[in-house]
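*Asks:* I'm passing along data.tsv; it holds TSV, C-alpha atoms.
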chain	number	residue	atom	x	y	z
A	1	MET	CA	0.00	0.00	0.00
A	2	ASP	CA	1.23	3.45	-0.90
A	3	LEU	CA	2.12	5.54	2.14
A	4	LEU	CA	0.15	8.69	1.33
A	5	ASP	CA	-2.83	6.67	0.08
A	6	GLY	CA	-2.73	4.72	3.32
A	7	ILE	CA	-2.81	7.90	5.40
A	8	TYR	CA	-5.82	9.19	3.46
A	9	THR	CA	-7.81	5.94	3.26
A	10	ARG	CA	-7.34	4.69	6.84
A	11	ARG	CA	-10.61	4.83	8.77
A	12	SER	CA	-11.66	3.81	12.26
A	13	ILE	CA	-13.17	0.36	11.76
A	14	ARG	CA	-15.79	-0.65	14.31
A	15	TYR	CA	-17.33	-3.77	12.68
A	16	PHE	CA	-15.37	-6.98	12.27
A	17	THR	CA	-15.81	-10.47	10.79
A	18	ASP	CA	-15.20	-13.64	12.84
A	19	GLU	CA	-11.86	-14.30	11.14
A	20	PRO	CA	-9.01	-14.36	13.67
A	21	VAL	CA	-6.04	-12.00	13.36
A	22	ASP	CA	-2.63	-13.54	12.62
A	23	LYS	CA	-0.22	-13.20	15.50
A	24	ASP	CA	2.43	-12.03	13.00
A	25	HIS	CA	0.20	-9.11	12.07
A	26	LEU	CA	-0.23	-8.03	15.68
A	27	ILE	CA	3.55	-8.17	16.10
A	28	GLU	CA	4.00	-6.14	12.90
A	29	MET	CA	1.62	-3.48	14.27
A	30	ILE	CA	3.63	-3.26	17.48
A	31	LYS	CA	6.94	-3.19	15.61
A	32	ALA	CA	5.61	-0.35	13.43
A	33	GLY	CA	4.51	1.47	16.59
A	34	THR	CA	7.98	1.26	18.10
A	35	TRP	CA	9.44	3.01	15.04
A	36	ALA	CA	7.68	6.23	15.96
A	37	PRO	CA	9.99	8.95	17.22
A	38	SER	CA	10.03	9.82	20.93
A	39	GLY	CA	11.63	12.67	22.84
A	40	LEU	CA	15.22	11.75	23.78
A	41	ASN	CA	14.39	8.43	22.06
A	42	ASN	CA	12.99	7.24	25.41
A	43	GLN	CA	10.52	4.82	23.72
A	44	PRO	CA	8.06	4.93	26.64
A	45	TRP	CA	5.48	2.63	24.98
A	46	ARG	CA	4.56	-0.83	26.24
A	47	PHE	CA	1.94	-3.28	24.96
A	48	VAL	CA	-0.40	-6.03	26.09
A	49	ILE	CA	-1.83	-8.32	23.40
A	50	ILE	CA	-5.25	-9.79	24.19
A	51	ASN	CA	-6.56	-12.66	22.06
A	52	ASP	CA	-8.41	-14.67	24.70
A	53	ARG	CA	-12.16	-14.44	24.10
A	54	ALA	CA	-13.16	-14.59	27.77
A	55	MET	CA	-10.71	-11.79	28.54
A	56	LEU	CA	-12.01	-9.68	25.64
A	57	ILE	CA	-15.56	-10.05	27.00
A	58	LYS	CA	-14.41	-8.93	30.46
A	59	LEU	CA	-12.48	-6.02	28.97
A	60	SER	CA	-15.52	-4.97	26.92
A	61	SER	CA	-17.56	-4.50	30.10
A	62	LEU	CA	-15.26	-1.59	31.08
A	63	THR	CA	-16.32	0.75	28.28
A	64	LYS	CA	-19.48	2.06	26.70
A	65	TYR	CA	-17.99	0.80	23.42
A	66	LYS	CA	-18.62	-2.73	24.67
A	67	ARG	CA	-19.88	-4.04	21.33
A	68	ILE	CA	-16.69	-3.03	19.50
A	69	ILE	CA	-14.35	-4.92	21.83
A	70	GLU	CA	-16.72	-7.92	21.92
A	71	GLU	CA	-16.78	-8.03	18.12
A	72	SER	CA	-13.03	-7.50	17.71
A	73	ARG	CA	-10.83	-10.60	17.45
A	74	SER	CA	-7.83	-9.10	19.27
A	75	CYS	CA	-7.03	-5.98	21.23
A	76	ILE	CA	-3.73	-4.32	22.01
A	77	ALA	CA	-3.67	-2.28	25.20
A	78	VAL	CA	-1.09	0.50	24.82
A	79	TYR	CA	0.68	1.60	27.99
A	80	VAL	CA	3.20	4.24	28.94
A	81	ASP	CA	5.95	3.12	31.31
A	82	LYS	CA	5.85	5.86	33.95
A	83	LYS	CA	9.48	5.17	34.90
A	84	ALA	CA	10.55	5.91	31.30
A	85	MET	CA	8.68	9.23	31.05
A	86	TYR	CA	10.44	12.61	31.09
A	87	ASN	CA	7.72	15.10	30.09
A	88	ASP	CA	3.98	14.46	30.19
A	89	VAL	CA	3.07	16.38	27.03
A	90	LYS	CA	5.92	15.00	24.93
A	91	ASP	CA	5.50	11.43	26.16
A	92	HIS	CA	1.77	11.50	25.42
A	93	GLN	CA	2.55	12.89	21.95
A	94	ALA	CA	5.05	10.07	21.39
A	95	ILE	CA	2.40	7.53	22.38
A	96	GLY	CA	0.04	9.15	19.87
A	97	ALA	CA	2.68	8.87	17.13
A	98	CYS	CA	3.22	5.21	18.07
A	99	ILE	CA	-0.51	4.46	17.92
A	100	GLN	CA	-0.81	6.18	14.55
A	101	ASN	CA	1.93	3.93	13.14
A	102	MET	CA	0.04	0.93	14.54
A	103	LEU	CA	-3.25	1.98	12.92
A	104	LEU	CA	-1.52	2.63	9.60
A	105	ALA	CA	0.25	-0.73	9.77
A	106	ALA	CA	-3.07	-2.48	10.45
A	107	HIS	CA	-4.55	-0.75	7.42
A	108	ALA	CA	-1.58	-1.77	5.24
A	109	LEU	CA	-2.04	-5.37	6.39
A	110	GLY	CA	-5.71	-5.38	5.39
A	111	LEU	CA	-6.93	-5.26	8.98
A	112	GLY	CA	-9.41	-2.86	10.52
A	113	SER	CA	-8.73	-1.17	13.82
A	114	VAL	CA	-10.06	1.56	16.05
A	115	TRP	CA	-8.37	3.62	18.76
A	116	LEU	CA	-10.48	3.50	21.93
A	117	GLY	CA	-9.87	6.20	24.53
A	118	GLU	CA	-13.06	6.28	26.58
A	119	ILE	CA	-11.89	3.14	28.44
A	120	LEU	CA	-9.24	5.30	30.15
A	121	ASN	CA	-12.04	6.27	32.55
A	122	LYS	CA	-11.62	2.73	33.92
A	123	SER	CA	-7.82	2.52	33.78
A	124	ASP	CA	-7.52	1.07	37.28
A	125	SER	CA	-10.00	-1.69	36.48
A	126	VAL	CA	-8.20	-2.48	33.21
A	127	ASN	CA	-4.84	-2.77	34.98
A	128	SER	CA	-6.40	-4.97	37.61
A	129	LEU	CA	-8.12	-7.19	35.02
A	130	LEU	CA	-4.94	-7.58	32.95
A	131	ASP	CA	-2.78	-7.87	36.09
A	132	ILE	CA	-0.53	-4.99	35.05
A	133	SER	CA	1.46	-2.92	37.54
A	134	ASP	CA	0.37	0.64	38.30
A	135	GLU	CA	3.80	1.75	37.05
A	136	MET	CA	2.18	1.32	33.64
A	137	GLY	CA	-0.35	3.98	32.63
A	138	LEU	CA	-3.08	2.90	30.23
A	139	MET	CA	-2.97	5.12	27.12
A	140	ALA	CA	-5.47	3.45	24.76
A	141	VAL	CA	-6.95	0.15	23.68
A	142	ILE	CA	-6.80	-0.68	19.98
A	143	ALA	CA	-9.54	-3.09	18.85
A	144	ILE	CA	-8.53	-5.14	15.81
A	145	GLY	CA	-10.13	-7.52	13.34
A	146	HIS	CA	-10.85	-8.11	9.69
A	147	PRO	CA	-13.17	-5.32	8.54
A	148	ALA	CA	-16.80	-6.24	7.96
A	149	ASP	CA	-18.28	-4.95	4.75
A	150	ARG	CA	-19.51	-1.56	5.87
A	151	LYS	CA	-18.55	1.82	4.55
A	152	ALA	CA	-16.59	3.81	7.14
A	153	THR	CA	-16.65	7.50	6.31
A	154	SER	CA	-15.07	10.46	8.01
A	155	LYS	CA	-14.71	14.18	7.53
A	156	ARG	CA	-12.02	16.75	8.11
A	157	ARG	CA	-12.02	20.52	8.30
A	158	ASP	CA	-10.85	22.21	5.12
A	159	ILE	CA	-7.12	22.84	5.26
A	160	SER	CA	-7.69	26.61	5.05
A	161	GLU	CA	-9.34	26.44	8.48
A	162	VAL	CA	-6.32	24.89	10.20
A	163	ILE	CA	-3.47	26.92	8.70
A	164	LEU	CA	-3.24	29.96	10.95
A	165	LYS	CA	-0.75	31.81	8.78
A	166	GLU	CA	2.12	31.50	6.37
A	167	ILE	CA	5.18	33.66	6.96
B	168	MET	CA	6.63	4.63	-1.22
B	169	ASP	CA	5.28	1.54	0.49
B	170	LEU	CA	3.54	2.32	3.78
B	171	LEU	CA	5.33	-0.18	6.04
B	172	ASP	CA	8.70	0.53	4.38
B	173	GLY	CA	8.09	4.22	4.99
B	174	ILE	CA	7.41	3.66	8.68
B	175	TYR	CA	10.62	1.64	9.05
B	176	THR	CA	12.92	3.86	6.95
B	177	ARG	CA	11.80	7.29	8.21
B	178	ARG	CA	14.54	8.94	10.26
B	179	SER	CA	14.88	12.32	11.94
B	180	ILE	CA	16.81	14.39	9.39
B	181	ARG	CA	18.90	17.21	10.85
B	182	TYR	CA	21.07	18.23	7.84
B	183	PHE	CA	19.57	19.86	4.76
B	184	THR	CA	20.65	21.12	1.35
B	185	ASP	CA	19.93	24.69	0.16
B	186	GLU	CA	17.12	23.55	-2.14
B	187	PRO	CA	13.81	25.18	-1.18
B	188	VAL	CA	10.77	23.09	-0.29
B	189	ASP	CA	7.78	23.23	-2.65
B	190	LYS	CA	4.77	24.90	-1.10
B	191	ASP	CA	2.63	22.01	-2.39
B	192	HIS	CA	4.71	19.59	-0.34
B	193	LEU	CA	4.24	21.60	2.84
B	194	ILE	CA	0.49	21.62	2.20
B	195	GLU	CA	0.54	17.87	1.57
B	196	MET	CA	2.30	17.34	4.92
B	197	ILE	CA	-0.38	19.37	6.68
B	198	LYS	CA	-3.18	17.62	4.84
B	199	ALA	CA	-1.71	14.25	5.84
B	200	GLY	CA	-1.51	15.49	9.43
B	201	THR	CA	-5.18	16.38	9.48
B	202	TRP	CA	-6.12	12.82	8.52
B	203	ALA	CA	-4.92	11.54	11.87
B	204	PRO	CA	-7.71	10.43	14.19
B	205	SER	CA	-8.64	12.60	17.17
B	206	GLY	CA	-10.89	11.97	20.15
B	207	LEU	CA	-14.48	12.92	19.28
B	208	ASN	CA	-12.97	13.94	15.90
B	209	ASN	CA	-12.23	17.35	17.46
B	210	GLN	CA	-9.23	17.95	15.13
B	211	PRO	CA	-7.50	20.28	17.60
B	212	TRP	CA	-4.39	20.84	15.41
B	213	ARG	CA	-3.44	24.16	13.85
B	214	PHE	CA	-0.36	25.09	11.78
B	215	VAL	CA	1.93	27.99	10.97
B	216	ILE	CA	4.14	27.67	7.88
B	217	ILE	CA	7.43	29.57	8.02
B	218	ASN	CA	9.47	30.03	4.85
B	219	ASP	CA	10.88	33.49	5.44
B	220	ARG	CA	14.62	33.27	6.05
B	221	ALA	CA	14.80	36.19	8.48
B	222	MET	CA	11.98	34.65	10.53
B	223	LEU	CA	13.67	31.23	10.52
B	224	ILE	CA	16.84	32.84	11.89
B	225	LYS	CA	14.85	34.55	14.65
B	226	LEU	CA	13.04	31.31	15.45
B	227	SER	CA	16.32	29.40	15.58
B	228	SER	CA	17.55	31.64	18.40
B	229	LEU	CA	14.83	30.22	20.68
B	230	THR	CA	16.22	26.69	20.86
B	231	LYS	CA	19.49	24.96	21.51
B	232	TYR	CA	18.89	23.22	18.19
B	233	LYS	CA	19.59	26.56	16.50
B	234	ARG	CA	21.66	25.07	13.67
B	235	ILE	CA	18.88	22.72	12.57
B	236	ILE	CA	16.28	25.48	12.14
B	237	GLU	CA	18.85	27.76	10.50
B	238	GLU	CA	19.77	25.05	8.02
B	239	SER	CA	16.14	24.01	7.33
B	240	ARG	CA	14.38	25.65	4.38
B	241	SER	CA	10.94	25.72	6.01
B	242	CYS	CA	9.42	25.02	9.37
B	243	ILE	CA	5.88	24.16	10.38
B	244	ALA	CA	4.91	25.17	13.91
B	245	VAL	CA	2.23	22.79	15.16
B	246	TYR	CA	-0.29	24.22	17.60
B	247	VAL	CA	-3.21	22.93	19.62
B	248	ASP	CA	-6.27	25.16	19.68
B	249	LYS	CA	-7.04	25.32	23.41
B	250	LYS	CA	-10.70	26.11	22.70
B	251	ALA	CA	-11.02	22.85	20.73
B	252	MET	CA	-9.48	20.64	23.45
B	253	TYR	CA	-11.53	18.25	25.59
B	254	ASN	CA	-8.91	16.11	27.40
B	255	ASP	CA	-5.25	16.99	27.81
B	256	VAL	CA	-3.86	13.47	27.43
B	257	LYS	CA	-6.04	12.55	24.44
B	258	ASP	CA	-5.54	15.87	22.68
B	259	HIS	CA	-1.77	15.63	23.08
B	260	GLN	CA	-1.91	12.07	21.74
B	261	ALA	CA	-3.92	13.27	18.73
B	262	ILE	CA	-1.32	15.96	18.06
B	263	GLY	CA	1.37	13.26	18.18
B	264	ALA	CA	-0.58	11.15	15.66
B	265	CYS	CA	-0.94	14.21	13.43
B	266	ILE	CA	2.79	14.98	13.59
B	267	GLN	CA	3.65	11.37	12.79
B	268	ASN	CA	1.50	11.55	9.63
B	269	MET	CA	3.32	14.77	8.70
B	270	LEU	CA	6.78	13.20	9.17
B	271	LEU	CA	5.76	10.13	7.16
B	272	ALA	CA	4.33	12.32	4.39
B	273	ALA	CA	7.59	14.32	4.25
B	274	HIS	CA	9.52	11.05	3.94
B	275	ALA	CA	7.20	9.82	1.15
B	276	LEU	CA	7.75	13.12	-0.68
B	277	GLY	CA	11.53	12.75	-0.52
B	278	LEU	CA	11.92	15.45	2.11
B	279	GLY	CA	13.75	15.24	5.39
B	280	SER	CA	12.20	16.49	8.61
B	281	VAL	CA	12.74	16.46	12.33
B	282	TRP	CA	10.32	16.92	15.22
B	283	LEU	CA	11.68	19.57	17.59
B	284	GLY	CA	10.25	19.65	21.11
B	285	GLU	CA	12.89	21.44	23.17
B	286	ILE	CA	11.67	24.77	21.77
B	287	LEU	CA	8.50	24.34	23.89
B	288	ASN	CA	10.61	25.77	26.73
B	289	LYS	CA	10.24	29.08	24.89
B	290	SER	CA	6.60	28.75	23.82
B	291	ASP	CA	5.69	32.29	24.90
B	292	SER	CA	8.54	33.77	22.88
B	293	VAL	CA	7.59	31.69	19.84
B	294	ASN	CA	3.97	32.86	20.01
B	295	SER	CA	5.13	36.42	20.39
B	296	LEU	CA	7.58	36.14	17.46
B	297	LEU	CA	4.98	34.54	15.17
B	298	ASP	CA	2.24	36.86	16.48
B	299	ILE	CA	0.01	33.96	17.46
B	300	SER	CA	-2.68	34.24	20.14
B	301	ASP	CA	-2.15	32.55	23.49
B	302	GLU	CA	-5.30	30.55	22.79
B	303	MET	CA	-2.95	28.46	20.65
B	304	GLY	CA	-0.54	26.20	22.54
B	305	LEU	CA	2.74	25.40	20.81
B	306	MET	CA	3.10	21.61	20.46
B	307	ALA	CA	6.20	21.22	18.27
B	308	VAL	CA	8.19	22.75	15.46
B	309	ILE	CA	8.94	20.55	12.46
B	310	ALA	CA	12.09	21.57	10.56
B	311	ILE	CA	11.97	20.58	6.89
B	312	GLY	CA	14.28	20.50	3.90
B	313	HIS	CA	15.86	18.26	1.31
B	314	PRO	CA	18.06	15.78	3.15
B	315	ALA	CA	21.82	16.33	2.88
B	316	ASP	CA	23.84	13.24	2.12
B	317	ARG	CA	24.41	11.92	5.61
B	318	LYS	CA	23.41	8.60	7.06
B	319	ALA	CA	20.79	9.03	9.77
B	320	THR	CA	20.65	5.97	11.98
B	321	SER	CA	18.46	5.10	14.92
B	322	LYS	CA	17.86	2.24	17.29
B	323	ARG	CA	14.88	0.68	18.97
B	324	ARG	CA	14.47	-1.66	21.88
B	325	ASP	CA	13.85	-5.27	20.88
B	326	ILE	CA	10.15	-5.94	20.63
B	327	SER	CA	10.36	-8.54	23.40
B	328	GLU	CA	11.23	-5.73	25.80
B	329	VAL	CA	8.10	-3.72	25.11
B	330	ILE	CA	5.46	-6.47	25.04
B	331	LEU	CA	4.43	-6.83	28.66
B	332	LYS	CA	2.31	-9.92	28.11
B	333	GLU	CA	0.09	-11.81	25.73
B	334	ILE	CA	-3.23	-13.09	27.03
When written as structure tokens, how does the structure in this file appear?

*Replies:*
Amino acid sequence: MDLLDGIYTRRSIRYFTDEPVDKDHLIEMIKAGTWAPSGLNNQPWRFVIINDRAMLIKLSSLTKYKRIIEESRSCIAVYVDKKAMYNDVKDHQAIGACIQNMLLAAHALGLGSVWLGEILNKSDSVNSLLDISDEMGLMAVIAIGHPADRKATSKRRDISEVILKEI
Amino acid sequence: MDLLDGIYTRRSIRYFTDEPVDKDHLIEMIKAGTWAPSGLNNQPWRFVIINDRAMLIKLSSLTKYKRIIEESRSCIAVYVDKKAMYNDVKDHQAIGACIQNMLLAAHALGLGSVWLGEILNKSDSVNSLLDISDEMGLMAVIAIGHPADRKATSKRRDISEVILKEI
């Protein structure tokens, strides 16, 4: 897939088929994520892969987007290692860059994925469910699967609205 | 350029030739940035394009990475519109995703770019210099140009170090 085409055609995919996701593809998504830049190259990102159906069902109960996690075949919980952080804003930006690489990689691999943030309201419960130390801060859950045949559309502001000035 | 190849071969480029950057390419970078996902699709990103040499020299004096901005042919200052924000962590992540799309687009277009964050220490001075309202929070400056012939290398932790567990 062409890089610019991939950036423009990636959509948040919220409906999935029953087909499982290859482990190699989940690893490729994570590898792509780790090639994001980070301030001082501190690479603060950490990952939990969840394939187990019973665990996905439990995880789904912690968000109002329950159906999406239930329907997904795999999820990757993205964490920030608090011990590796040096600046909140820059570390959160680096995590965002990492997640974007992961979503683009999923798209290039023919997978659908969606970045779920609302579940951060239940971060403590997620850490407890996944048995992850509180030194790890939940940053997002990415729900992944093969896209079901639905049209995902999205809109953006015209570019003239976001360019403040040119000097 | 292939999407996954682009993710793996992008490097922070800190040395540039004298060749100017096409305006169309700067616009393409910004357009790519805006196709990042954002929480509630709030699209909080805003941009200032700087091509003027005298302004680049003034901007360069606000960071210890002075040489990089001086040597770049253009910079894009990335802002967050504070009025559009809804959650600090998620908005900063969205800005990171946007910047990553911009860096990947630059790479696909044959440009070199580097994400500069240290200049945030002088955010007030940057806003004052660019005559930008304090309702806009400086998030990063991206220095851009045609890459000079130097080998940019980088390293990442092995993937086994960043996967906490698989369930």

*Asks:* Please find the residues of chain B near chain A - the criterion being any atom within 8 Å, counting all atoms listed in the file - and write them as a ChimeraX atom specification.

*Replies:* /B:168-171,173-175,179,197-199,201-204,206,210,212-219,222,256-257,259-268,271-272,275,284,323-324,326,329-334

*Asks:* Within 12 Å of A:Lys66, counting all atoms listed in the file, which residues qualify if same-chain residues fewer than 2 places away don't, as a ChimeraX atom specification?

*Replies:* /A:14,56-64,68-72,116,118-119,143

*Asks:* So how many Å separate atom CA of B:Ser295 and atom CA of B:Lys249, to one decimal?

*Replies:* 16.7 Å

*Asks:* So what do you get for atom CA of A:Val21 versus atom CA of A:Tyr65, distance-wise?

*Replies:*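 Distance between the two atoms: 20.2 Å.
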
*Asks:* Which one of B:Lys289, B:Lys318, B:Arg234, B:His313 sits closest to B:Asp189 if you count only C-alpha atoms?

*Replies:*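 Of all the options, B:His313 lies closest to B:Asp189.
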
*Asks:* How many Å separate atom CA of A:Thr17 from atom CA of A:Pro147?

*Replies:*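 Here the two named atoms are 6.2 Å from each other.
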
*Asks:* Nearest to A:Leu138 among A:Phe16, A:Ala54, A:Asp124, A:Gly112, with distances taken over all atoms listed in the file: which residue is it?

*Replies:*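 Ranked by minimum distance to A:Leu138, first place goes to A:Asp124.
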